[in-house]
Amino acid sequence: MVLISIPPPAASTRAELPTPDSTHSYWHRLPSPTLLNHRTTPTLPAHADVVIIGSGISGAFAARTLLSSSPSQKVVMLEAREACWGATGRNGGHCQPMVWASSAEIARFELATFNHIASLVAEDGVQCDWRVVGGVHAIYDPVELVAAQAQLARLQQYKDLKDKAVLITDREELARHRVPGALAAVFQPNAAQLWPYKLVAWVLEGLVRDYGAAETVEEGKGEGKGEGKGKGGFNLQTNTPVTRLEKRERGEGWVVHTARGEVFAPQVLLATNAYTSFLLPGFTDVIVPVRGQVCALEPPADGVQLVNSYGWIKGANDQYLVHRRPEDTQVPSTSSSTSTAESTSTSTSTSRKEVEGEGEGEGEKKEKDHSLILGGERFATPDGEEGISRDDTLNPLVSRALHRALNGALKLRPGVDAPEKEVLRAKYEWTGIMGYSRDGSPWVGRVPGAALRDQNIHTDTTTDTTTDANTSTDTSKDTDKDTDAEGLWISAGFTGHGMPVAPRCGVAVAEMMLGKRDGVALPEAWIPSEERIAGAKLFELPRTLEDILSWLPPA
C-alpha cells in the first residue's frame, strides 16, 4: 500500500452526479427495448421497502436476491441515466478472477463469483457472448517478474488454488500465446470475455417481467411502461438521478430526493460505485472517481484471431484486451447503429429506431465485427484521470496512446515478419467512471454512522433544506454512531475489477438487508467501519509499477 505524505492534500475527489450525456459505449449499440427509457410506473411511488440507487451489476444482483427471497416486497431502483449506463456498460468486456495476485480468501470469492455467472449463463441461456477463453497476463518488467514468481510460489500451499494460475517462461509457449516479446506471462484458465451490458439487461428484464409493479389508481395515472405481470413490487425508474438523502427523525428510515419527487424507505442501498461520495460525502477520498477510456480497434486485415484475453502493466497503466469474434453478437452495419470514434463517440441518445432495428434494408449486408476491445493508458495524462466524474468526453492524450498501445505488446499477425502496425484505427471509443477504493478493497455492508457525522454537513430534518450537503440527518439529540446510518447500505468501490466481484457483493449485501446470517461470506477486509474509513484516507492510489506491486499479498 502507498502511504500519502503528511499533511495530506486537500480533499478534491468528491464525485459529481453522472453527466446527463455520455460517450457512446460499444456495449450500448443494442440497448434493451424493455429497459430503454423505462419507468415501471409513470410516477414515483411515495413508499418502498427498499430503494436501490444504481442499476449496474451490483445493484441488479442485489435486487434479484431481494425479490427472489421476498417477492412481495416493494423494491424501487433509481437510475440517473438509462439502465446499466455506468461502469458495467462501459468496461472492457472481461471477467477474470485475479487468483495469482490476491489473497486466498479473495481468490476464492472471485472464483465463486466467476462460477456463479458461468452457471447462470449456462442454465438460463443468457445471451451475453460469455466465452471462457483463459487469461494471459504478460510481463515485460524484471521487477514484476520477480513479484509474479513469488506470488505463484505462494499459491502452491493451497490445494484448491495452485492449478488456477501458471507462470509461462518458455519462449515458444509465449509465442503461441501471442506475446513473444514478454519476459514471462501468467496464464489463468478461469477468464471469460462477454458483453457485460447484456448480462445485466437480462437480469433487469427478468425482474421487470417477473416482479414488475402494477401502479395503483391512488399512486398515479395511466399505464406504466413496464411489461411485468404486476404480481410483484419491482419498480425501475430510469433517468431519475438522486440528488440527496435525508434521514428521518427517530431512525424511522430514509427519504430519497429526486427532481421528480421523493421516495421513503426503511432501507436504502447505494450501488453507486464511483458516484458514492456525491450522496455520501463521508466517502470523499475513500472511493475516488477515476475515468477509464476504452476503444474498439480495427485489427489488421491479415490479423489472426486472438484465442485468449490479455492484460499487462505499462508503467502504472493496467492495459486490458479482448478480441471480439465473428460468432459473437453482430450489429447490423447501418448508418443509424454504427459509428466511428471520430463522429459519434460522444453520442448521447439512442433512438427507438436503433433499438428495434428499423431502417435496415432487406438483405442488407451485416459486417462481421471482430474488434479489439482495448482499455487502459490513463497515465498518458499526468493526473491519471483521477477525481473525474464526467464520461461525456474523451481524453485525446489517452486516445493517442490507446491507438498505439498494441504495437510491441502482442503479435496480431503471427508468422508475418513485417513489423506490426504502429497505429490502429478506433471504430468506437468511450469513457466510463470507475470507483477506486483508496485501500484497494470494495465496501460492502452497512454504512458506518461516522460516514454521515464526520462531514459537518448535518441539518435538522424538520426543515426540508440543506446547504452544500447531499446527506441530511437529525442532530437535535445525541445518537449512537452505529445507528446514525441505520438502514443505509453500500456495495461500491470495485477499483476497475467489478465483474468477478460485484455480482456476489450485491447478493451478499441483499442477504444482510434480509437478515440472513448464512449467506455469501465476504472477505473481512471488505466490511465498512469507522476505523476503516479513517485508515483508507491515509493511502494514495498507485501511480507506479512499484506502487501496484505493493498491493500484492505477502508472499
# chains A, B, ... in the order shown; residues from 1 in each chain; ligands from 1
>>> closest_atom_pairs(of="stretch 16-83 of chain A", to="stretch 93-100 of chain A", cutoff="12 Å", atoms="only C-alpha atoms", output="CSV")
residue,atom,partner,partner_atom,distance
A:Ser25,CA,A:Gly93,CA,11.5
A:Tyr26,CA,A:Gly93,CA,10.2
A:Trp27,CA,A:Gly93,CA,8.7
>>> closest_residue(among="A:Arg108, A:Arg29, A:His323, A:Arg543", to="A:Leu155", atoms="only C-alpha atoms")
A:Arg108
>>> closest_atom_pairs(of="stretch 256-348 of chain A", to="stretch 233-241 of chain A", cutoff="10 Å", atoms="only C-alpha atoms", output="JSON lines")
{"residue": "A:His257", "atom": "CA", "partner": "A:Pro241", "partner_atom": "CA", "distance": 8.7}
{"residue": "A:Thr258", "atom": "CA", "partner": "A:Pro241", "partner_atom": "CA", "distance": 6.0}
{"residue": "A:Ala259", "atom": "CA", "partner": "A:Thr240", "partner_atom": "CA", "distance": 7.4}
{"residue": "A:Arg260", "atom": "CA", "partner": "A:Thr240", "partner_atom": "CA", "distance": 7.1}
{"residue": "A:Gly261", "atom": "CA", "partner": "A:Thr240", "partner_atom": "CA", "distance": 9.5}
>>> select_by_dssp(residues="stretch 376-550 of chain A", states="helix (DSSP H, G or I)", output="PyMOL selection string")
chain A and resi 378-380+396-404+450-453+502-513+524-526+530-536+545-550
>>> atom_distance(atom1="atom CA of A:Phe109", atom2="atom CA of A:Ala521")
8.3 Å
>>> residues_around(residues="A:Gly487", least_positions_apart="4", cutoff="10 Å", atoms="only C-alpha atoms", output="list in words")
Val50, Lys247, Gly251, Glu252, Gly253, Trp254, Ala265, Pro266, Gln267, Val268, Leu269, Arg446, Val447, Thr483 and Met513 of chain A
>>> write_last_selection(atoms="N, CA and C atoms", output="compact mmCIF listing (two decimals), in the first residue's frame")
# COMPACT_ATOMS: atom_id res chain seq x y z
N VAL A 50 -37.49 -1.04 0.02
CA VAL A 50 -36.07 -0.85 -0.27
C VAL A 50 -35.94 0.06 -1.48
N LYS A 247 -32.26 11.59 6.41
CA LYS A 247 -32.60 10.64 7.46
C LYS A 247 -33.82 11.13 8.22
N GLY A 251 -34.87 7.64 13.67
CA GLY A 251 -34.36 6.47 12.99
C GLY A 251 -35.42 5.68 12.23
N GLU A 252 -36.41 6.35 11.68
CA GLU A 252 -37.53 5.66 11.04
C GLU A 252 -37.30 5.34 9.57
N GLY A 253 -36.19 5.70 9.02
CA GLY A 253 -35.95 5.42 7.61
C GLY A 253 -35.36 6.60 6.88
N TRP A 254 -35.43 6.53 5.56
CA TRP A 254 -34.75 7.50 4.70
C TRP A 254 -35.70 8.07 3.65
N ALA A 265 -38.18 5.04 2.34
CA ALA A 265 -37.93 3.61 2.52
C ALA A 265 -37.16 3.38 3.81
N PRO A 266 -37.47 2.31 4.52
CA PRO A 266 -36.68 1.98 5.71
C PRO A 266 -35.24 1.61 5.38
N GLN A 267 -35.01 1.06 4.15
CA GLN A 267 -33.67 0.65 3.77
C GLN A 267 -33.30 1.22 2.40
N VAL A 268 -32.06 1.67 2.28
CA VAL A 268 -31.54 2.23 1.03
C VAL A 268 -30.19 1.59 0.76
N LEU A 269 -30.00 1.13 -0.46
CA LEU A 269 -28.73 0.56 -0.89
C LEU A 269 -28.07 1.47 -1.90
N ARG A 446 -23.24 -2.48 5.83
CA ARG A 446 -23.91 -1.33 6.44
C ARG A 446 -22.98 -0.13 6.46
N VAL A 447 -23.50 1.04 6.11
CA VAL A 447 -22.70 2.27 6.13
C VAL A 447 -22.46 2.68 7.58
N THR A 483 -25.89 3.77 14.93
CA THR A 483 -27.27 3.81 14.47
C THR A 483 -27.57 5.03 13.62
N MET A 513 -29.39 -7.30 4.25
CA MET A 513 -30.59 -6.49 4.38
C MET A 513 -31.79 -7.35 4.77
>>> residues_around(residues="stretch 391-393 of chain A", least_positions_apart="6", cutoff="10 Å", atoms="only C-alpha atoms", output="PyMOL selection string")
chain A and resi 18-24+86-87+90+291-293+345-348+429-433
>>> write_last_selection(atoms="C-alpha atoms", output="PDB file, in the first residue's frame")
ATOM      1  CA  PRO A  18     -23.458  11.268 -13.591  1.00  0.00           C
ATOM      2  CA  THR A  19     -23.470  13.566 -16.593  1.00  0.00           C
ATOM      3  CA  PRO A  20     -26.811  13.596 -18.467  1.00  0.00           C
ATOM      4  CA  ASP A  21     -24.902  12.982 -21.703  1.00  0.00           C
ATOM      5  CA  SER A  22     -22.182  10.391 -22.137  1.00  0.00           C
ATOM      6  CA  THR A  23     -19.823   8.979 -24.712  1.00  0.00           C
ATOM      7  CA  HIS A  24     -21.419   6.209 -26.757  1.00  0.00           C
ATOM      8  CA  GLY A  86     -22.456   3.444 -15.920  1.00  0.00           C
ATOM      9  CA  ALA A  87     -19.266   1.441 -15.479  1.00  0.00           C
ATOM     10  CA  ARG A  90     -18.656   0.857 -20.273  1.00  0.00           C
ATOM     11  CA  ARG A 291     -12.096   7.889 -15.575  1.00  0.00           C
ATOM     12  CA  GLY A 292     -11.192   4.949 -17.768  1.00  0.00           C
ATOM     13  CA  GLN A 293     -11.108   5.015 -21.563  1.00  0.00           C
ATOM     14  CA  SER A 345     -18.196   8.586 -29.711  1.00  0.00           C
ATOM     15  CA  THR A 346     -19.903  11.324 -27.727  1.00  0.00           C
ATOM     16  CA  SER A 347     -23.379  10.455 -28.945  1.00  0.00           C
ATOM     17  CA  THR A 348     -25.736  10.649 -26.000  1.00  0.00           C
ATOM     18  CA  GLU A 429     -14.186   4.995 -28.264  1.00  0.00           C
ATOM     19  CA  TRP A 430     -15.791   5.798 -24.951  1.00  0.00           C
ATOM     20  CA  THR A 431     -15.147   6.618 -21.324  1.00  0.00           C
ATOM     21  CA  GLY A 432     -16.561   5.312 -18.052  1.00  0.00           C
ATOM     22  CA  ILE A 433     -16.058   6.180 -14.410  1.00  0.00           C
TER      23      ILE A 433
END
>>> residues_around(residues="A:Ala185", least_positions_apart="4", cutoff="8 Å", atoms="only C-alpha atoms", output="list in words")
Val136, His137, Ala138, Ile139, Leu167, Ile168, Thr169 and Leu174 of chain A
>>> residues_around(residues="A:Ser32", least_positions_apart="3", cutoff="10 Å", atoms="only C-alpha atoms", output="PyMOL selection string")
chain A and resi 28-29+35-38+83+197-198+201-202+204-205+355-356
>>> residues_around(residues="A:Ala401", least_positions_apart="5", cutoff="9 Å", atoms="only C-alpha atoms", output="JSON, numbers by chain")
{"A": [376, 377, 378, 380, 396]}
>>> select_by_dssp(residues="stretch 54-219 of chain A", states="strand (DSSP E or B)", output="ChimeraX atom specification")
/A:75-78,94-95,131-132,135-139,166-168,184-188,192-193,212
>>> write_last_selection(atoms="N, CA and C atoms", output="PDB file, in the first residue's frame")
ATOM      1  N   VAL A  75     -39.511  -2.959  -4.081  1.00  0.00           N
ATOM      2  CA  VAL A  75     -38.130  -2.561  -4.334  1.00  0.00           C
ATOM      3  C   VAL A  75     -38.135  -1.544  -5.467  1.00  0.00           C
ATOM      4  N   VAL A  76     -37.694  -0.340  -5.187  1.00  0.00           N
ATOM      5  CA  VAL A  76     -37.604   0.718  -6.190  1.00  0.00           C
ATOM      6  C   VAL A  76     -36.139   0.902  -6.556  1.00  0.00           C
ATOM      7  N   MET A  77     -35.827   0.837  -7.833  1.00  0.00           N
ATOM      8  CA  MET A  77     -34.468   1.068  -8.323  1.00  0.00           C
ATOM      9  C   MET A  77     -34.441   2.383  -9.074  1.00  0.00           C
ATOM     10  N   LEU A  78     -33.595   3.287  -8.639  1.00  0.00           N
ATOM     11  CA  LEU A  78     -33.475   4.607  -9.245  1.00  0.00           C
ATOM     12  C   LEU A  78     -32.151   4.697  -9.986  1.00  0.00           C
ATOM     13  N   HIS A  94     -14.348  -8.010 -19.785  1.00  0.00           N
ATOM     14  CA  HIS A  94     -13.612  -9.091 -19.123  1.00  0.00           C
ATOM     15  C   HIS A  94     -14.351  -9.589 -17.892  1.00  0.00           C
ATOM     16  N   CYS A  95     -14.128 -10.839 -17.533  1.00  0.00           N
ATOM     17  CA  CYS A  95     -14.433 -11.350 -16.202  1.00  0.00           C
ATOM     18  C   CYS A  95     -13.341 -12.352 -15.854  1.00  0.00           C
ATOM     19  N   ARG A 131     -17.845 -16.315 -22.944  1.00  0.00           N
ATOM     20  CA  ARG A 131     -16.953 -17.310 -23.523  1.00  0.00           C
ATOM     21  C   ARG A 131     -15.716 -17.418 -22.630  1.00  0.00           C
ATOM     22  N   VAL A 132     -15.462 -18.615 -22.105  1.00  0.00           N
ATOM     23  CA  VAL A 132     -14.263 -18.827 -21.290  1.00  0.00           C
ATOM     24  C   VAL A 132     -13.083 -19.003 -22.238  1.00  0.00           C
ATOM     25  N   GLY A 135      -6.987 -16.344 -19.509  1.00  0.00           N
ATOM     26  CA  GLY A 135      -6.387 -15.013 -19.479  1.00  0.00           C
ATOM     27  C   GLY A 135      -4.873 -15.053 -19.429  1.00  0.00           C
ATOM     28  N   VAL A 136      -4.245 -14.218 -20.238  1.00  0.00           N
ATOM     29  CA  VAL A 136      -2.791 -14.096 -20.277  1.00  0.00           C
ATOM     30  C   VAL A 136      -2.402 -12.738 -19.710  1.00  0.00           C
ATOM     31  N   HIS A 137      -1.639 -12.748 -18.629  1.00  0.00           N
ATOM     32  CA  HIS A 137      -1.071 -11.504 -18.097  1.00  0.00           C
ATOM     33  C   HIS A 137       0.397 -11.471 -18.489  1.00  0.00           C
ATOM     34  N   ALA A 138       0.702 -10.663 -19.492  1.00  0.00           N
ATOM     35  CA  ALA A 138       2.068 -10.581 -19.997  1.00  0.00           C
ATOM     36  C   ALA A 138       2.922  -9.720 -19.077  1.00  0.00           C
ATOM     37  N   ILE A 139       4.188 -10.131 -18.901  1.00  0.00           N
ATOM     38  CA  ILE A 139       5.114  -9.441 -18.001  1.00  0.00           C
ATOM     39  C   ILE A 139       6.299  -8.948 -18.822  1.00  0.00           C
ATOM     40  N   VAL A 166      -0.574 -20.314 -13.698  1.00  0.00           N
ATOM     41  CA  VAL A 166       0.719 -20.911 -14.019  1.00  0.00           C
ATOM     42  C   VAL A 166       1.605 -19.850 -14.658  1.00  0.00           C
ATOM     43  N   LEU A 167       2.883 -19.889 -14.345  1.00  0.00           N
ATOM     44  CA  LEU A 167       3.843 -18.946 -14.916  1.00  0.00           C
ATOM     45  C   LEU A 167       4.474 -19.556 -16.163  1.00  0.00           C
ATOM     46  N   ILE A 168       4.372 -18.844 -17.273  1.00  0.00           N
ATOM     47  CA  ILE A 168       4.946 -19.293 -18.542  1.00  0.00           C
ATOM     48  C   ILE A 168       6.233 -18.527 -18.790  1.00  0.00           C
ATOM     49  N   ALA A 184       7.813 -13.110 -19.500  1.00  0.00           N
ATOM     50  CA  ALA A 184       7.045 -14.239 -18.998  1.00  0.00           C
ATOM     51  C   ALA A 184       5.577 -13.849 -19.063  1.00  0.00           C
ATOM     52  N   ALA A 185       4.719 -14.771 -18.678  1.00  0.00           N
ATOM     53  CA  ALA A 185       3.287 -14.483 -18.623  1.00  0.00           C
ATOM     54  C   ALA A 185       2.647 -15.386 -17.591  1.00  0.00           C
ATOM     55  N   VAL A 186       1.645 -14.865 -16.905  1.00  0.00           N
ATOM     56  CA  VAL A 186       0.825 -15.676 -16.012  1.00  0.00           C
ATOM     57  C   VAL A 186      -0.433 -16.059 -16.779  1.00  0.00           C
ATOM     58  N   PHE A 187      -0.709 -17.364 -16.848  1.00  0.00           N
ATOM     59  CA  PHE A 187      -1.921 -17.843 -17.520  1.00  0.00           C
ATOM     60  C   PHE A 187      -2.910 -18.337 -16.475  1.00  0.00           C
ATOM     61  N   GLN A 188      -4.143 -17.833 -16.568  1.00  0.00           N
ATOM     62  CA  GLN A 188      -5.227 -18.260 -15.676  1.00  0.00           C
ATOM     63  C   GLN A 188      -6.361 -18.824 -16.522  1.00  0.00           C
ATOM     64  N   ALA A 192     -12.979 -15.085 -18.718  1.00  0.00           N
ATOM     65  CA  ALA A 192     -14.001 -15.042 -19.766  1.00  0.00           C
ATOM     66  C   ALA A 192     -14.076 -13.654 -20.364  1.00  0.00           C
ATOM     67  N   GLN A 193     -14.589 -13.606 -21.581  1.00  0.00           N
ATOM     68  CA  GLN A 193     -14.979 -12.339 -22.179  1.00  0.00           C
ATOM     69  C   GLN A 193     -16.479 -12.398 -22.411  1.00  0.00           C
ATOM     70  N   GLY A 212     -42.552  -7.046 -11.863  1.00  0.00           N
ATOM     71  CA  GLY A 212     -42.880  -5.666 -12.183  1.00  0.00           C
ATOM     72  C   GLY A 212     -44.104  -5.173 -11.433  1.00  0.00           C
TER      73      GLY A 212
END
>>> closest_residue(among="A:Thr88, A:Ser103, A:Ser389, A:Ser309", to="A:Val179", atoms="only C-alpha atoms")
A:Ser309
>>> atom_distance(atom1="atom CA of A:Pro442", atom2="atom CA of A:Asp318")
18.3 Å
>>> atom_distance(atom1="atom CA of A:Val509", atom2="atom CA of A:Val121")
22.1 Å
>>> closest_residue(among="A:Gly54, A:Pro189, A:Gly498, A:Pro180", to="A:Lys164", atoms="only C-alpha atoms")
A:Pro189
>>> closest_residue(among="A:Met434, A:Ala525, A:Asp163, A:Leu67", to="A:Ile388", atoms="only C-alpha atoms")
A:Met434
>>> closest_residue(among="A:Gln319, A:Val263, A:Cys295, A:Val288", to="A:Ala536", atoms="only C-alpha atoms")
A:Val288
